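Below is protein-v1.txt, holding compact mmCIF, C-alpha atoms.
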# COMPACT_ATOMS: atom_id res chain seq x y z
CA MET A 1 122.26 107.90 96.11
CA THR A 2 124.48 105.04 97.23
CA ASP A 3 121.85 102.51 98.32
CA SER A 4 119.42 100.59 96.10
CA ASN A 5 116.61 101.87 98.38
CA PRO A 6 115.90 105.46 97.32
CA ALA A 7 113.89 106.33 100.47
CA ASN A 8 114.58 109.61 102.29
CA SER A 9 116.41 111.04 99.28
CA ARG A 10 115.42 113.70 96.75
CA ASP A 11 116.40 111.15 94.14
CA ALA A 12 113.46 109.02 95.30
CA GLU A 13 111.17 111.79 94.06
CA TYR A 14 112.95 111.92 90.69
CA LEU A 15 112.82 108.12 90.41
CA ALA A 16 109.08 108.12 91.12
CA LYS A 17 108.48 110.74 88.42
CA LEU A 18 110.58 108.74 85.97
CA GLN A 19 108.70 105.52 86.82
CA ASP A 20 105.37 107.26 86.22
CA TYR A 21 106.62 108.62 82.90
CA TYR A 22 107.86 105.18 81.85
CA ALA A 23 104.53 103.57 82.82
CA ASN A 24 102.78 105.92 80.41
CA TRP A 25 105.26 106.05 77.53
CA LYS A 26 107.54 102.98 77.89
CA SER A 27 110.67 105.03 77.33
CA ILE A 28 113.23 107.22 79.09
CA PRO A 29 112.84 110.70 77.55
CA SER A 30 115.52 113.12 76.40
CA TYR A 31 117.40 115.36 78.84
CA ALA A 32 115.32 118.32 77.62
CA SER A 33 112.07 116.49 78.31
CA LEU A 34 113.36 115.31 81.68
CA CYS A 35 113.94 118.92 82.72
CA GLU A 36 110.17 119.34 82.49
CA VAL A 37 109.43 115.96 84.09
CA PHE A 38 111.72 116.67 87.04
CA GLY A 39 110.85 120.35 87.27
CA ILE A 40 114.44 121.56 86.93
CA ALA A 41 116.11 123.87 84.42
CA SER A 42 119.54 122.34 83.82
CA LYS A 43 120.35 119.39 81.57
CA SER A 44 123.54 118.88 83.57
CA TRP A 45 121.41 118.37 86.70
CA VAL A 46 119.34 115.83 84.75
CA LYS A 47 122.51 113.98 83.74
CA ALA A 48 123.72 113.98 87.34
CA ILE A 49 120.37 112.54 88.51
CA LEU A 50 120.45 109.80 85.87
CA ASP A 51 124.06 109.00 86.74
CA ARG A 52 123.10 108.58 90.41
CA LEU A 53 120.11 106.41 89.48
CA GLY A 54 122.49 104.37 87.35
CA GLU A 55 124.94 103.98 90.23
CA ALA A 56 122.04 102.82 92.40
CA ASP A 57 121.14 100.19 89.74
CA PHE A 58 117.79 101.67 88.67
CA LEU A 59 119.05 102.56 85.18
CA GLU A 60 121.75 101.36 82.81
CA ARG A 61 123.13 102.40 79.45
CA THR A 62 122.86 100.48 76.21
CA PRO A 63 125.98 100.11 74.01
CA ASP A 64 124.83 103.17 72.03
CA GLY A 65 124.49 105.27 75.18
CA MET A 66 120.71 105.21 75.70
CA TRP A 67 119.34 105.01 79.24
CA ILE A 68 117.08 102.02 79.93
CA PRO A 69 115.45 100.63 83.09
CA THR A 70 117.03 97.77 85.06
CA ARG A 71 115.18 95.03 86.91
CA GLN A 72 115.40 97.14 90.07
CA PHE A 73 113.57 100.00 88.33
CA PHE A 74 110.42 97.85 88.34
CA ALA A 75 110.75 96.73 91.98
CA ARG A 76 108.04 97.86 94.38
CA ALA A 77 108.35 98.31 98.12
CA LEU A 78 106.84 95.70 100.42
CA ALA A 79 105.83 97.27 103.73
CA ASP A 80 107.29 95.88 106.94
CA SER A 81 103.80 95.31 108.34
CA SER A 82 101.03 93.24 106.82
CA VAL A 83 97.57 94.79 106.47
CA PRO A 84 94.90 93.13 108.61
CA ALA A 85 91.40 92.88 107.23
CA GLY A 86 89.96 93.62 110.68
CA MET A 87 90.82 96.58 112.90
CA PRO A 88 93.28 99.16 111.53
CA VAL A 89 96.79 99.36 112.94
CA THR A 90 99.39 102.10 112.99
CA VAL A 91 101.27 102.30 109.74
CA SER A 92 105.05 102.38 110.01
CA GLU A 93 106.81 104.80 107.74
CA THR A 94 109.67 102.37 107.24
CA GLN A 95 109.66 100.14 104.21
CA GLY A 96 110.69 96.54 103.94
CA GLU A 97 112.13 94.66 101.02
CA TYR A 98 111.69 95.52 97.37
CA PHE A 99 110.09 93.06 94.98
CA VAL A 100 109.50 92.82 91.25
CA ILE A 101 105.86 91.76 91.05
CA ASP A 102 106.52 89.51 88.07
CA GLU A 103 109.11 87.60 90.09
CA MET A 104 106.74 87.18 93.05
CA LEU A 105 104.16 85.43 90.86
CA ILE A 106 106.19 83.69 88.20
CA ASP A 107 108.91 81.10 88.78
CA THR A 108 109.25 79.81 85.22
CA PRO A 109 108.22 82.37 82.57
CA SER A 110 108.37 79.86 79.70
CA LYS A 111 105.82 77.65 81.47
CA THR A 112 103.52 80.39 82.75
CA THR A 113 100.42 81.84 81.12
CA LEU A 114 97.79 84.36 82.20
CA ILE A 115 94.13 83.40 81.84
CA THR A 116 91.14 85.65 82.49
CA VAL A 117 88.58 84.05 84.82
CA LYS A 118 84.98 83.94 83.65
CA GLY A 119 82.06 83.19 85.92
CA ASP A 120 81.64 82.79 89.68
CA SER A 121 82.11 79.05 90.18
CA MET A 122 85.30 79.59 92.22
CA MET A 123 84.24 82.55 94.33
CA GLY A 124 84.47 80.45 97.51
CA ALA A 125 88.22 80.27 96.89
CA GLY A 126 88.40 84.04 96.46
CA ILE A 127 88.56 83.83 92.66
CA HIS A 128 86.14 86.15 90.92
CA ASP A 129 84.90 86.90 87.43
CA GLY A 130 87.42 89.12 85.65
CA ASP A 131 90.40 88.08 87.78
CA VAL A 132 93.54 87.06 85.92
CA ALA A 133 94.79 83.62 86.89
CA VAL A 134 98.54 83.04 86.84
CA VAL A 135 98.87 79.45 85.68
CA GLU A 136 102.01 77.33 85.56
CA LYS A 137 101.63 74.81 82.76
CA ARG A 138 102.14 71.22 83.92
CA ASN A 139 100.20 68.00 83.46
CA LEU A 140 100.46 66.65 87.02
CA ALA A 141 98.58 67.97 90.05
CA ASN A 142 97.64 66.91 93.57
CA VAL A 143 94.22 66.63 95.13
CA GLY A 144 93.39 70.06 96.52
CA ASP A 145 95.27 72.00 93.84
CA ILE A 146 93.32 74.59 91.89
CA VAL A 147 93.86 73.61 88.29
CA VAL A 148 93.04 74.60 84.76
CA ALA A 149 91.81 71.35 83.26
CA ILE A 150 90.63 70.25 79.85
CA VAL A 151 87.44 68.24 80.21
CA ASP A 152 85.77 66.89 77.09
CA ASN A 153 87.70 69.45 75.01
CA GLU A 154 86.73 72.42 77.20
CA PHE A 155 88.87 74.46 79.62
CA THR A 156 87.72 74.98 83.20
CA LEU A 157 89.23 76.30 86.44
CA LYS A 158 88.34 74.09 89.42
CA THR A 159 89.75 72.36 92.50
CA LEU A 160 91.08 68.88 91.76
CA ASP A 161 89.47 66.22 93.95
CA LYS A 162 88.83 62.47 94.04
CA GLU A 163 85.67 60.41 94.41
CA ARG A 164 85.82 56.64 94.67
CA GLY A 165 89.30 56.60 93.20
CA LYS A 166 88.46 58.83 90.23
CA PHE A 167 89.51 62.44 89.70
CA VAL A 168 86.77 65.05 89.69
CA LEU A 169 86.74 68.83 89.46
CA ARG A 170 85.06 70.59 92.34
CA PRO A 171 83.71 74.15 92.06
CA GLU A 172 84.03 76.47 95.06
CA ASN A 173 80.44 77.60 94.80
CA PRO A 174 77.54 75.36 95.89
CA ALA A 175 75.43 76.63 93.01
CA TYR A 176 77.56 74.60 90.60
CA PRO A 177 77.80 70.81 90.31
CA VAL A 178 80.95 68.73 90.68
CA ILE A 179 82.36 67.90 87.25
CA ARG A 180 82.75 64.16 86.80
CA PRO A 181 84.41 63.73 83.41
CA GLN A 182 82.70 61.26 81.14
CA GLY A 183 85.74 61.13 78.87
CA SER A 184 89.26 62.37 79.35
CA LEU A 185 90.51 64.71 82.05
CA GLU A 186 93.74 66.52 81.19
CA ILE A 187 95.53 68.91 83.51
CA PHE A 188 96.69 72.00 81.63
CA GLY A 189 98.25 73.79 84.59
CA ILE A 190 98.09 74.79 88.26
CA LEU A 191 97.04 78.12 89.68
CA VAL A 192 100.10 79.79 91.25
CA GLY A 193 98.85 83.36 91.59
CA LEU A 194 95.96 85.71 91.03
CA ILE A 195 95.82 89.28 89.78
CA ARG A 196 92.93 91.60 90.52
CA LYS A 197 92.82 95.28 89.72
CA TYR A 198 90.45 97.38 91.75
CA HIS A 199 88.89 100.42 90.08
CA LYS A 200 87.65 103.56 91.77
Here is the file; what I need is its structure written in the form of structure tokens.
Amino acid sequence: MTDSNPANSRDAEYLAKLQDYYANWKSIPSYASLCEVFGIASKSWVKAILDRLGEADFLERTPDGMWIPTRQFFARALADSSVPAGMPVTVSETQGEYFVIDEMLIDTPSKTTLITVKGDSMMGAGIHDGDVAVVEKRNLANVGDIVVAIVDNEFTLKTLDKERGKFVLRPENPAYPVIRPQGSLEIFGILVGLIRKYHK
């Protein structure tokens, strides 16, 4: 495998099995265990596979010789075509770029936190109870930004707005009132992404 994209290669199948194993156990197993994972009988074949995955930048060795995943190991394919919410379209078998999901959502790890959303006050903005908000911590925001704010010593996720020259926090659900702080309004951070896991 000479390209960082493992598509159309038997090594892509081995990489997928290794990724699934790592997702469950957070480690690269021994050659003997990998014979079972890959469904092959020879440890030398396993070594050859790992060497090729290393050359393709999916794996690397530690100073003591252990195999560990690289950044590219965690990259996921982004399809060439977007998925419309209306009528279905023909799906192309070709794949587009590869992305590490963490890098798509997080620009500055040291300033980013994940916060679980509670309640339905922001459902009009597509933010639902149980979603995980990706929040970049900063104390300045613009009108229209969705922010995590501290109002009278309580955290809330709302859209920042202004009324008569004063900042207010507007829910995206008409069942909830606009929050007009009686005391201080402090911006904790700005929503930069949203994570939602769908269950069967």
Checklist entry - Using only C-alpha atoms, which of the listed residues (A:Ile28, A:Leu191, A:Val168, A:Ala149) sits closest to Ile68 in chain A? => result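 Of the candidates, the smallest distance to Ile68 in chain A is held by A:Ile28.
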Checklist entry - Hey, can you check how far CA of Phe188 in chain A sits from CA of Val100 in chain A? => result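 Between CA of Phe188 in chain A and CA of Val100 in chain A the gap is 26.3 Å.
You will find CA of Ser30 in chain A at 15.7 Å from CA of Gly54 in chain A.
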Item to check | Minimum-distance residue to Pro109 in chain A, chosen among A:Val151, A:Leu140, A:Val135, A:Lys43 (using all atoms listed in the file) | outcome: A:Val135
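Among the candidates A:Ser27, A:Pro174, A:Asp145, A:Thr108, the one nearest to Leu160 in chain A when counting only C-alpha atoms is A:Asp145.
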Next on the checklist: My list of candidates is A:Leu169, A:Ala12, A:Ile49, A:Ala23. Which is closest to Gly144 in chain A when distances are computed with all atoms listed in the file?
Outcome noted: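 Among the listed residues, the smallest separation from Gly144 in chain A belongs to A:Leu169.
Proximity to Lys137 in chain A was assessed for A:Gly124, A:Gly119, A:Gly189, A:Pro177 counting all atoms listed in the file; the smallest distance is recorded for A:Gly189.
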Checklist entry - Which one of A:Asp152, A:Asp57, A:Glu13, A:Asp131 sits closest to Tyr198 in chain A if you count all atoms listed in the file? => result A:Asp131
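One distance worth recording is that between CA of Asp161 in chain A and CA of Leu185 in chain A, which is 12.0 Å.
Surrounding residues of (86.2, 80.5, 85.4) at most 10 Å away are Ile115, Thr116, Val117, Lys118, Gly119, Asp120, Ser121, Met122, Met123, Ile127, His128, Asp129, Gly130, Asp131, Val132, Ala133, Val148, Phe155, Thr156, Leu157, Lys158 and Pro171 of chain A (based on all atoms listed in the file).
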Next on the checklist: List as a PyMOL selection string the protein and nucleic acid residues near Ala32 in chain A, meaning an atom at most 9 Å away when all atoms listed in the file are counted, but skip any in the same chain fewer than 4 places from it.
Outcome noted: chain A and resi 36+41-43+46
Got a sec: who's within 10 Å of Lys26 in chain A, counting only C-alpha atoms, leaving out chain neighbours fewer than 5 positions off, as a compact mmCIF listing (two decimals) with C-alpha atoms, in the coordinates of the input?
# COMPACT_ATOMS: atom_id res chain seq x y z
CA GLN A 19 108.70 105.52 86.82
CA ASP A 20 105.37 107.26 86.22
CA TYR A 21 106.62 108.62 82.90
CA ILE A 68 117.08 102.02 79.93
CA PRO A 69 115.45 100.63 83.09
Next on the checklist: The residues within 12 Å of (108.5, 85.9, 89.6), using only C-alpha atoms and the coordinates of the file, should be reported as an MDAnalysis selection string; which are they?
Outcome noted: chainID A and resid 71 75 99:112 134 136 192:193
